[in-house]
file protein.pdb (PDB, C-alpha atoms)
ATOM      1  CA  MET A  17      -1.829 -16.897 -13.335
ATOM      2  CA  TYR A  18      -0.482 -14.934 -10.370
ATOM      3  CA  ASN A  19       0.340 -11.924 -12.510
ATOM      4  CA  GLY A  20      -3.361 -11.432 -13.262
ATOM      5  CA  ALA A  21      -4.267 -11.711  -9.576
ATOM      6  CA  ILE A  22      -1.551  -9.236  -8.607
ATOM      7  CA  ASN A  23      -2.653  -6.794 -11.305
ATOM      8  CA  SER A  24      -6.273  -7.181 -10.217
ATOM      9  CA  SER A  25      -5.372  -6.531  -6.571
ATOM     10  CA  LEU A  26      -3.278  -3.521  -7.491
ATOM     11  CA  THR A  27      -6.067  -2.182  -9.676
ATOM     12  CA  ASP A  28      -8.590  -2.621  -6.869
ATOM     13  CA  LEU A  29      -6.239  -0.935  -4.396
ATOM     14  CA  ARG A  30      -5.562   1.922  -6.807
ATOM     15  CA  ASN A  31      -9.296   2.401  -7.438
ATOM     16  CA  ASP A  32     -10.054   2.388  -3.707
ATOM     17  CA  LEU A  33      -7.285   4.862  -3.002
ATOM     18  CA  GLN A  34      -8.474   7.127  -5.800
ATOM     19  CA  ALA A  35     -12.005   7.031  -4.363
ATOM     20  CA  VAL A  36     -10.696   7.982  -0.928
ATOM     21  CA  ALA A  37      -8.628  10.769  -2.455
ATOM     22  CA  ARG A  38     -11.626  12.093  -4.412
ATOM     23  CA  ASP A  39     -13.759  12.029  -1.264
ATOM     24  CA  ALA A  40     -11.048  13.775   0.739
ATOM     25  CA  GLU A  41     -10.615  16.405  -1.951
ATOM     26  CA  ALA A  42     -14.397  16.910  -2.115
ATOM     27  CA  LEU A  43     -14.464  17.326   1.647
ATOM     28  CA  LEU A  44     -11.642  19.851   1.455
ATOM     29  CA  ARG A  45     -13.520  21.817  -1.216
ATOM     30  CA  ALA A  46     -16.780  21.655   0.752
ATOM     31  CA  THR A  47     -15.086  23.063   3.825
ATOM     32  CA  ALA A  48     -13.110  25.707   1.940
ATOM     33  CA  ASN A  49     -15.325  28.472   3.347
ATOM     34  CA  VAL A  50     -14.904  27.222   6.887
ATOM     35  CA  THR A  51     -12.029  28.932   8.614
ATOM     36  CA  GLY A  52     -10.227  28.369  11.794
ATOM     37  CA  GLU A  53      -6.990  26.990  13.090
ATOM     38  CA  LYS A  54      -8.311  23.452  13.651
ATOM     39  CA  ILE A  55      -9.893  23.109  10.210
ATOM     40  CA  GLU A  56      -6.724  24.393   8.528
ATOM     41  CA  GLU A  57      -4.715  21.844  10.471
ATOM     42  CA  VAL A  58      -7.085  19.038   9.435
ATOM     43  CA  ARG A  59      -6.958  20.179   5.794
ATOM     44  CA  ALA A  60      -3.180  20.198   5.792
ATOM     45  CA  ARG A  61      -3.001  16.743   7.393
ATOM     46  CA  THR A  62      -5.545  15.352   4.938
ATOM     47  CA  GLN A  63      -3.714  16.741   1.938
ATOM     48  CA  GLU A  64      -0.410  15.345   3.220
ATOM     49  CA  THR A  65      -1.958  11.937   3.919
ATOM     50  CA  VAL A  66      -3.471  11.728   0.437
ATOM     51  CA  ARG A  67      -0.167  12.762  -1.137
ATOM     52  CA  ARG A  68       1.771  10.166   0.873
ATOM     53  CA  ALA A  69      -0.756   7.474   0.002
ATOM     54  CA  TYR A  70      -0.379   8.214  -3.706
ATOM     55  CA  ASP A  71       3.411   8.207  -3.388
ATOM     56  CA  HIS A  72       3.344   4.925  -1.480
ATOM     57  CA  LEU A  73       1.050   3.306  -4.027
ATOM     58  CA  TYR A  74       3.248   4.496  -6.878
ATOM     59  CA  GLU A  75       6.373   3.079  -5.199
ATOM     60  CA  ARG A  76       4.697  -0.292  -4.548
ATOM     61  CA  ASN A  77       3.399  -0.401  -8.091
ATOM     62  CA  GLN A  78       6.913   0.170  -9.410
ATOM     63  CA  GLN A  79       8.329  -2.530  -7.099
ATOM     64  CA  VAL A  80       5.744  -5.068  -8.255
ATOM     65  CA  ARG A  81       6.449  -4.251 -11.887
ATOM     66  CA  ARG A  82      10.210  -4.653 -11.367
ATOM     67  CA  PHE A  83       9.679  -7.929  -9.515
ATOM     68  CA  ALA A  84       7.377  -9.263 -12.249
ATOM     69  CA  SER A  85       9.813  -8.211 -14.948
ATOM     70  CA  THR A  86      12.776  -9.755 -13.139
ATOM     71  CA  THR A  87      10.878 -12.985 -12.534
ATOM     72  CA  ASP A  88       9.738 -13.129 -16.161
ATOM     73  CA  THR A  89      13.277 -12.558 -17.409
ATOM     74  CA  TYR A  90      14.696 -15.203 -15.060
ATOM     75  CA  ILE A  91      12.111 -17.789 -16.099
ATOM     76  CA  ARG A  92      12.690 -17.072 -19.789
ATOM     77  CA  ASP A  93      16.472 -17.228 -19.400
ATOM     78  CA  ASN A  94      16.418 -20.322 -17.183
ATOM     79  CA  SER A  95      13.342 -22.164 -18.376
ATOM     80  CA  TRP A  96      14.855 -25.642 -18.051
ATOM     81  CA  THR A  97      16.025 -24.900 -14.539
ATOM     82  CA  ALA A  98      12.555 -23.658 -13.622
ATOM     83  CA  ILE A  99      10.990 -26.785 -15.137
ATOM     84  CA  GLY A 100      13.452 -28.963 -13.233
ATOM     85  CA  VAL A 101      12.690 -27.234  -9.955
ATOM     86  CA  ALA A 102       8.950 -27.542 -10.566
ATOM     87  CA  VAL A 103       9.305 -31.262 -11.350
ATOM     88  CA  GLY A 104      11.478 -31.774  -8.261
ATOM     89  CA  VAL A 105       9.025 -29.995  -5.995
ATOM     90  CA  GLY A 106       6.140 -31.966  -7.503
ATOM     91  CA  LEU A 107       8.005 -35.222  -7.003
ATOM     92  CA  LEU A 108       8.826 -34.336  -3.406
ATOM     93  CA  ILE A 109       5.207 -33.448  -2.653
ATOM     94  CA  GLY A 110       4.084 -36.683  -4.302
ATOM     95  CA  LEU A 111       6.498 -38.754  -2.220
ATOM     96  CA  ILE A 112       5.433 -37.068   0.996
ATOM     97  CA  ALA A 113       1.754 -37.517   0.150
ATOM     98  CA  SER A 114       2.368 -41.156  -0.728
ATOM     99  CA  ASN A 115       4.186 -41.800   2.562
ATOM    100  CA  VAL A 116       1.480 -40.070   4.578
ATOM    101  CA  SER A 117      -1.209 -42.069   2.775
ATOM    102  CA  SER A 118       0.713 -45.318   3.283
ATOM    103  CA  THR A 119       1.301 -44.601   6.984
ATOM    104  CA  THR A 120      -2.366 -43.750   7.539
ATOM    105  CA  ARG A 121      -3.475 -46.906   5.719
ATOM    106  CA  ASP A 122      -1.055 -49.107   7.751
ATOM    107  CA  ARG A 123      -2.353 -47.717  11.064
ATOM    108  CA  SER A 124      -5.977 -48.303  10.095
ATOM    109  CA  GLU A 125      -5.275 -52.029   9.563
ATOM    110  CA  TYR A 126      -4.482 -52.556  13.274
TER     111      TYR A 126
END
call {"tool": "encode", "arguments": {"input": "protein.pdb", "output": "structure tokens"}}
result
Amino acid sequence: MYNGAINSSLTDLRNDLQAVARDAEALLRATANVTGEKIEEVRARTQETVRRAYDHLYERNQQVRRFASTTDTYIRDNSWTAIGVAVGVGLLIGLIASNVSSTTRDRSEY
């Protein structure tokens, strides 16, 4: 369930970043004939920013993949523990909801 949402978000982010990179590269090509100290400085900064963005995205992508793999392995190796925790959390939420509902009902009787 969450894995699909994470993959979708990463795909959207990757696509957006690639679009920005393509636009930046197109801008760099379009201004290739323009010379001057300022434009060279802007080109260099843009190229460095695009490179860093790609590097950052790649690192985050790798982290998410490692996290997903580790989580998957843990759940597969400890499935009964995970089921027990899920049941315990569900029971706790149910008890809290029941107490809140009971308290609200008792106050409305007065």
call {"tool": "atom_distance", "arguments": {"input": "protein.pdb", "atom1": "atom CA of Asp39 of chain A", "atom2": "atom CA of Arg76 of chain A"}}
result
22.4 Å
call {"tool": "resolve_selection", "arguments": {"input": "protein.pdb", "expression": "the PyMOL selection byres ((chain A and resi 60-69) around 9)", "output": "list in words"}}
result
Leu33, Val36, Ala37, Ala40, Glu41, Leu44, Ile55, Glu56, Glu57, Val58, Arg59, Tyr70, Asp71, His72, Leu73 and Tyr74 of chain A
call {"tool": "axis_aligned_box", "arguments": {"input": "protein.pdb", "around": "segment 76-87 of chain A", "padding_each_side": "3 Å", "output": "JSON"}}
result
{"center_x": 8.1, "center_y": -6.4, "center_z": -9.7, "size_x": 15.4, "size_y": 19.2, "size_z": 16.4}
call {"tool": "atom_distance", "arguments": {"input": "protein.pdb", "atom1": "atom CA of Glu75 of chain A", "atom2": "atom CA of Thr89 of chain A"}}
result
21.0 Å
call {"tool": "atom_distance", "arguments": {"input": "protein.pdb", "atom1": "atom CA of Thr87 of chain A", "atom2": "atom CA of Ile99 of chain A"}}
result
14.0 Å
call {"tool": "decode", "arguments": {"input": "protein.pdb", "residues": "segment 93-114 of chain A", "atoms": "N, CA and C atoms", "output": "tab-separated table (two decimals), in the first residue's frame"}}
result
chain	number	residue	atom	x	y	z
A	93	ASP	N	10.63	-11.91	8.06
A	93	ASP	CA	11.31	-12.70	9.08
A	93	ASP	C	10.56	-12.71	10.41
A	94	ASN	N	9.81	-11.68	10.68
A	94	ASN	CA	9.11	-11.54	11.97
A	94	ASN	C	7.61	-11.31	11.77
A	95	SER	N	7.02	-12.10	10.90
A	95	SER	CA	5.62	-11.85	10.55
A	95	SER	C	4.69	-11.97	11.75
A	96	TRP	N	4.92	-12.94	12.62
A	96	TRP	CA	4.02	-13.08	13.78
A	96	TRP	C	4.19	-11.92	14.75
A	97	THR	N	5.38	-11.44	14.88
A	97	THR	CA	5.60	-10.26	15.73
A	97	THR	C	4.89	-9.06	15.15
A	98	ALA	N	5.00	-8.88	13.84
A	98	ALA	CA	4.33	-7.75	13.19
A	98	ALA	C	2.81	-7.87	13.33
A	99	ILE	N	2.29	-9.08	13.19
A	99	ILE	CA	0.84	-9.28	13.36
A	99	ILE	C	0.45	-8.98	14.79
A	100	GLY	N	1.24	-9.43	15.75
A	100	GLY	CA	0.96	-9.16	17.16
A	100	GLY	C	0.97	-7.67	17.48
A	101	VAL	N	1.93	-6.97	16.94
A	101	VAL	CA	2.00	-5.52	17.17
A	101	VAL	C	0.78	-4.84	16.54
A	102	ALA	N	0.43	-5.24	15.34
A	102	ALA	CA	-0.73	-4.65	14.66
A	102	ALA	C	-2.01	-4.91	15.46
A	103	VAL	N	-2.17	-6.13	15.96
A	103	VAL	CA	-3.35	-6.45	16.77
A	103	VAL	C	-3.34	-5.63	18.06
A	104	GLY	N	-2.19	-5.52	18.70
A	104	GLY	CA	-2.09	-4.74	19.93
A	104	GLY	C	-2.41	-3.27	19.71
A	105	VAL	N	-1.91	-2.71	18.65
A	105	VAL	CA	-2.19	-1.30	18.35
A	105	VAL	C	-3.68	-1.13	18.05
A	106	GLY	N	-4.25	-2.06	17.28
A	106	GLY	CA	-5.67	-2.00	16.98
A	106	GLY	C	-6.53	-2.10	18.23
A	107	LEU	N	-6.14	-2.99	19.12
A	107	LEU	CA	-6.86	-3.15	20.39
A	107	LEU	C	-6.76	-1.88	21.23
A	108	LEU	N	-5.60	-1.32	21.32
A	108	LEU	CA	-5.40	-0.09	22.07
A	108	LEU	C	-6.24	1.06	21.50
A	109	ILE	N	-6.24	1.20	20.19
A	109	ILE	CA	-7.05	2.25	19.57
A	109	ILE	C	-8.53	2.00	19.82
A	110	GLY	N	-8.95	0.74	19.74
A	110	GLY	CA	-10.34	0.40	20.03
A	110	GLY	C	-10.74	0.73	21.44
A	111	LEU	N	-9.87	0.42	22.40
A	111	LEU	CA	-10.16	0.73	23.81
A	111	LEU	C	-10.25	2.23	24.04
A	112	ILE	N	-9.34	2.96	23.46
A	112	ILE	CA	-9.35	4.42	23.62
A	112	ILE	C	-10.62	4.99	23.00
A	113	ALA	N	-10.96	4.54	21.80
A	113	ALA	CA	-12.17	5.02	21.13
A	113	ALA	C	-13.40	4.67	21.94
A	114	SER	N	-13.42	3.48	22.51
A	114	SER	CA	-14.56	3.05	23.32
A	114	SER	C	-14.70	3.91	24.56
